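What's in protein-v7.cif: mmCIF, C-alpha atoms
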data_final
loop_
_atom_site.label_atom_id
_atom_site.label_comp_id
_atom_site.auth_asym_id
_atom_site.auth_seq_id
_atom_site.Cartn_x
_atom_site.Cartn_y
_atom_site.Cartn_z
CA MET A 1 -28.61 -21.17 37.68
CA VAL A 2 -25.25 -21.95 36.14
CA HIS A 3 -22.20 -20.54 37.85
CA VAL A 4 -19.04 -19.98 35.88
CA SER A 5 -15.95 -20.46 37.94
CA GLU A 6 -13.08 -18.01 37.78
CA ALA A 7 -10.82 -20.76 36.43
CA SER A 8 -13.10 -21.43 33.48
CA ARG A 9 -13.10 -17.72 32.52
CA LYS A 10 -9.31 -17.38 32.40
CA PRO A 11 -8.72 -19.44 29.26
CA ALA A 12 -11.28 -17.36 27.33
CA SER A 13 -9.70 -14.10 28.44
CA ALA A 14 -6.23 -15.51 27.78
CA ASP A 15 -7.35 -16.49 24.27
CA ALA A 16 -8.77 -12.99 23.71
CA ALA A 17 -5.54 -11.42 24.95
CA ASN A 18 -3.50 -13.69 22.66
CA GLU A 19 -5.75 -12.80 19.73
CA ARG A 20 -5.36 -9.07 20.44
CA ALA A 21 -1.58 -9.46 20.67
CA GLN A 22 -1.51 -11.42 17.42
CA LEU A 23 -3.66 -8.77 15.70
CA ALA A 24 -1.38 -5.99 16.97
CA ALA A 25 1.74 -7.78 15.68
CA GLU A 26 0.17 -8.56 12.31
CA TRP A 27 -1.11 -4.99 11.91
CA GLU A 28 2.29 -3.53 12.77
CA ARG A 29 3.86 -5.62 9.98
CA ALA A 30 1.12 -4.68 7.48
CA ARG A 31 0.72 -1.00 8.32
CA THR A 32 3.57 0.20 6.10
CA ALA A 33 2.21 -1.62 3.05
CA VAL A 34 -1.31 -0.40 3.75
CA PHE A 35 -0.18 3.21 4.06
CA ALA A 36 1.96 2.97 0.91
CA GLN A 37 -1.03 1.68 -1.04
CA LEU A 38 -3.24 4.47 0.33
CA LEU A 39 -0.66 7.11 -0.45
CA ALA A 40 -0.18 5.84 -3.99
CA GLY A 41 -3.92 5.71 -4.60
CA ILE A 42 -5.06 8.86 -2.83
CA GLY A 43 -2.01 11.07 -3.22
CA SER A 44 -2.65 13.23 -0.15
CA VAL A 45 -0.69 12.28 2.97
CA HIS A 46 -3.37 13.78 5.22
CA ASP A 47 -6.26 11.94 3.52
CA ALA A 48 -4.23 8.71 3.37
CA GLU A 49 -3.63 8.93 7.12
CA ASP A 50 -7.36 9.44 7.73
CA VAL A 51 -8.25 6.40 5.62
CA LEU A 52 -5.46 4.42 7.33
CA GLN A 53 -7.31 4.89 10.63
CA GLU A 54 -10.53 3.64 9.03
CA VAL A 55 -8.70 0.61 7.65
CA ALA A 56 -7.19 -0.14 11.08
CA VAL A 57 -10.64 -0.12 12.68
CA SER A 58 -12.04 -2.33 9.92
CA VAL A 59 -9.14 -4.79 10.21
CA ALA A 60 -9.69 -5.02 13.97
CA LYS A 61 -13.45 -5.50 13.62
CA ASN A 62 -13.06 -8.17 10.94
CA TYR A 63 -10.05 -9.97 12.38
CA GLY A 64 -12.28 -12.88 13.40
CA THR A 65 -12.95 -13.59 9.71
CA TYR A 66 -9.26 -13.61 8.78
CA ASP A 67 -8.03 -17.00 7.56
CA PRO A 68 -4.55 -17.49 9.12
CA SER A 69 -3.57 -19.83 6.29
CA ARG A 70 -3.49 -16.76 3.99
CA PRO A 71 -1.00 -13.89 4.24
CA PHE A 72 -2.28 -11.22 6.60
CA VAL A 73 -0.79 -8.39 4.53
CA ALA A 74 -2.71 -9.49 1.43
CA TRP A 75 -5.93 -9.67 3.47
CA ALA A 76 -5.34 -6.20 4.94
CA LEU A 77 -4.56 -4.79 1.48
CA GLY A 78 -7.89 -6.15 0.23
CA ILE A 79 -9.66 -4.24 3.00
CA THR A 80 -7.56 -1.21 2.09
CA ARG A 81 -8.68 -1.30 -1.56
CA ASN A 82 -12.31 -1.36 -0.41
CA HIS A 83 -11.76 1.66 1.84
CA MET A 84 -10.05 3.56 -0.96
CA LEU A 85 -13.03 2.95 -3.22
CA MET A 86 -15.35 4.15 -0.45
CA TYR A 87 -13.16 7.24 -0.02
CA PHE A 88 -13.48 8.13 -3.71
CA ARG A 89 -17.23 7.52 -3.70
CA ARG A 90 -17.69 9.56 -0.54
CA TYR A 91 -15.83 12.57 -1.86
CA HIS A 92 -16.74 12.09 -5.53
CA ARG A 93 -13.10 12.49 -6.42
CA ASP A 94 -11.26 11.08 -9.36
CA ARG A 95 -8.10 9.18 -8.69
CA LEU A 96 -5.70 11.97 -9.49
CA VAL A 97 -2.53 10.08 -8.69
CA PHE A 98 -3.00 6.49 -9.88
CA ASN A 99 -5.89 4.38 -11.13
CA GLU A 100 -7.23 1.19 -9.61
CA GLU A 101 -5.00 -1.02 -11.80
CA LEU A 102 -1.85 0.59 -10.45
CA VAL A 103 -3.18 0.48 -6.90
CA ASN A 104 -3.71 -3.27 -7.35
CA VAL A 105 -0.22 -3.73 -8.82
CA ILE A 106 1.28 -1.79 -5.93
CA GLY A 107 -0.81 -3.80 -3.49
CA GLN A 108 0.45 -7.07 -4.93
CA ASN A 109 4.05 -5.95 -4.55
CA LEU A 110 3.72 -4.43 -1.10
CA ALA A 111 3.58 -7.71 0.81
CA SER A 112 7.38 -8.00 0.70
CA PHE A 113 7.71 -4.26 1.35
CA ALA A 114 5.63 -4.69 4.51
CA ARG A 115 8.13 -7.17 5.93
CA ASP A 116 10.58 -4.30 6.21
CA PRO A 117 9.72 -2.68 9.56
CA VAL A 118 11.04 0.74 8.50
CA ASP A 119 8.00 3.01 8.22
CA GLN A 120 10.19 5.68 6.66
CA ARG A 121 10.23 3.74 3.37
CA ARG A 122 6.65 4.72 2.53
CA GLU A 123 7.55 8.39 2.76
CA GLU A 124 10.69 7.83 0.71
CA LEU A 125 8.73 6.06 -2.05
CA HIS A 126 6.29 8.97 -2.20
CA TYR A 127 9.20 11.41 -2.34
CA CYS A 128 10.94 9.43 -5.10
CA LEU A 129 7.81 9.22 -7.24
CA ASN A 130 7.48 12.99 -7.02
CA GLN A 131 11.14 13.48 -8.04
CA LEU A 132 10.74 11.80 -11.43
CA ASP A 133 11.19 14.15 -14.37
CA SER A 134 8.20 14.71 -16.64
CA ARG A 135 9.38 12.20 -19.28
CA ARG A 136 9.79 9.37 -16.76
CA ARG A 137 6.60 10.28 -14.95
CA ARG A 138 4.76 10.16 -18.28
CA LEU A 139 6.00 6.60 -18.82
CA ILE A 140 4.65 5.56 -15.41
CA GLU A 141 1.36 7.36 -16.05
CA LEU A 142 0.89 5.81 -19.50
CA ARG A 143 1.64 2.33 -18.24
CA TYR A 144 -0.26 2.36 -14.97
CA SER A 145 -2.71 5.26 -14.86
CA GLY A 146 -3.45 5.03 -18.58
CA GLY A 147 -3.46 1.24 -18.52
CA LEU A 148 -1.62 1.05 -21.84
CA SER A 149 0.23 -2.06 -22.87
CA ILE A 150 3.89 -1.79 -23.83
CA ASP A 151 2.88 -2.03 -27.50
CA GLN A 152 0.33 0.77 -27.10
CA MET A 153 2.87 2.90 -25.28
CA ALA A 154 5.42 2.37 -28.06
CA GLU A 155 2.88 3.45 -30.64
CA ALA A 156 1.77 6.50 -28.63
CA LEU A 157 5.36 7.59 -28.04
CA GLY A 158 6.63 6.75 -31.52
CA LYS A 159 9.27 4.42 -30.08
CA SER A 160 10.10 0.74 -30.40
CA VAL A 161 8.70 -1.79 -27.94
CA ALA A 162 12.25 -2.57 -26.83
CA ALA A 163 12.94 1.12 -26.15
CA VAL A 164 9.79 1.46 -24.04
CA LYS A 165 10.59 -1.73 -22.09
CA GLY A 166 14.10 -0.47 -21.44
CA SER A 167 12.87 2.95 -20.34
CA LEU A 168 10.32 1.45 -17.94
CA HIS A 169 12.97 -0.85 -16.52
CA ARG A 170 15.29 2.11 -15.93
CA VAL A 171 12.52 4.13 -14.23
CA ARG A 172 11.78 1.23 -11.87
CA LYS A 173 15.50 0.94 -11.08
CA ILE A 174 15.70 4.69 -10.44
CA LEU A 175 12.79 4.46 -8.00
CA GLU A 176 14.29 1.43 -6.31
CA GLN A 177 17.70 3.09 -5.95
CA CYS A 178 16.15 6.34 -4.72
CA VAL A 179 14.22 4.53 -1.98
CA ARG A 180 17.28 2.50 -0.99
CA THR A 181 19.51 5.56 -0.84
CA ARG A 182 17.05 7.59 1.19
CA THR A 183 16.27 4.78 3.64
CA SER A 184 19.98 3.99 4.13
CA ARG A 185 20.53 7.61 5.20
CA VAL A 186 17.97 7.10 7.95
CA HIS A 187 19.96 4.15 9.34
CA GLU A 188 23.33 5.90 9.30
#

Is it possible to express this structure as structure tokens?
Amino acid sequence: MVHVSEASRKPASADAANERAQLAAEWERARTAVFAQLLAGIGSVHDAEDVLQEVAVSVAKNYGTYDPSRPFVAWALGITRNHMLMYFRRYHRDRLVFNEELVNVIGQNLASFARDPVDQRREELHYCLNQLDSRRRRLIELRYSGGLSIDQMAEALGKSVAAVKGSLHRVRKILEQCVRTRTSRVHE
């Protein structure tokens, strides 16, 4: 019979504790980006929060497969995309807010967003998207939900390519400024 001494068990439990602490820290940094992606893709705060819990469990269960040489946020966002797809299959719902292409674009850009520890930003982004007037919202929908190229958008809208590019640029700036303004109020 092999006896394991108490001293030989401590390093394993210390390693497990370190791994749990590392996971908790990584998840805390990624959670904002994950929730923003869920909110953009699902549209319902309540449903996004439910799926967020599922993603958190999945991230914890699969943390042993995470390659630390890759960005954790990107890895967590990949798991998030899979859970969103499962959500839509489970409830047989169409993506009423944004399509998969936009969700992927948002996911790619959320890694830097996740470095900002202010969870309030995700709510502000959702608020700002909902504040766009119908003309600006249509631009976003054509480009991302509709998957149209700038040329296709120009043709559909009867405008020049330069005009569409300029309009999209202004809408992005409006969203950026709205989020900045609203998050700066939180810190005052």

* So which residues get picked by the PyMOL selection byres ((chain A and resi 157) around 12) here, written as a VMD selection string? -> chain A and resid 135 138 to 139 142 to 143 148 150 to 156 158 to 161 163 to 164 167

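Here atom CA of Ser58 of chain A is placed at a distance of 28.7 Å from atom CA of Leu129 of chain A.
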
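For the pair atom CA of Gly147 of chain A and atom CA of Gly41 of chain A, the separation is 14.6 Å.
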
Show me a table, sorted first by chain and then by increasing residue number, of the residues of segment 18-62 of chain A having an atom at most 8 Å from segment 72-88 of chain A, each with its shortest atom pair and the distance in Å to one decimal, counting all atoms listed in the file and written as CSV.
residue,atom,partner,partner_atom,distance
A:Glu26,CA,A:Phe72,CA,6.8
A:Arg29,CA,A:Val73,CA,7.7
A:Ala30,CA,A:Val73,CA,5.1
A:Ala33,CA,A:Val73,CA,7.6
A:Val34,CA,A:Leu77,CA,5.9
A:Gln37,CA,A:Leu77,CA,7.8
A:Leu38,CA,A:Met84,CA,7.0
A:Gly41,CA,A:Met84,CA,7.4
A:Ile42,CA,A:Met84,CA,7.5
A:Val51,CA,A:His83,CA,7.0
A:Leu52,CA,A:Thr80,CA,8.0
A:Glu54,CA,A:His83,CA,7.6
A:Val55,CA,A:Thr80,CA,6.0
A:Ser58,CA,A:Ile79,CA,7.6
A:Val59,CA,A:Ala76,CA,6.6

Selection near Glu124 of chain A, 8 Å with all atoms listed in the file, sequence-local residues under 6 positions removed, as a PDB file with C-alpha atoms, in the coordinates of the input:
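What follows is the written file part_35.pdb:
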ATOM      1  CA  CYS A 178      16.150   6.340  -4.720  1.00  0.00           C
ATOM      2  CA  VAL A 179      14.220   4.530  -1.980  1.00  0.00           C
ATOM      3  CA  ARG A 182      17.050   7.590   1.190  1.00  0.00           C
ATOM      4  CA  THR A 183      16.270   4.780   3.640  1.00  0.00           C
TER       5      THR A 183
END

* **Nearest to Gly166 of chain A, chosen from A:Arg31, A:Arg136, A:Ser44, A:Leu39, with all atoms listed in the file counted in the distances** =>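 With all atoms listed in the file as the atom set, the closest residue is A:Arg136.
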
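Atom CA of Tyr91 of chain A to atom CA of Tyr127 of chain A spans 25.1 Å [interatomic distance, one decimal].
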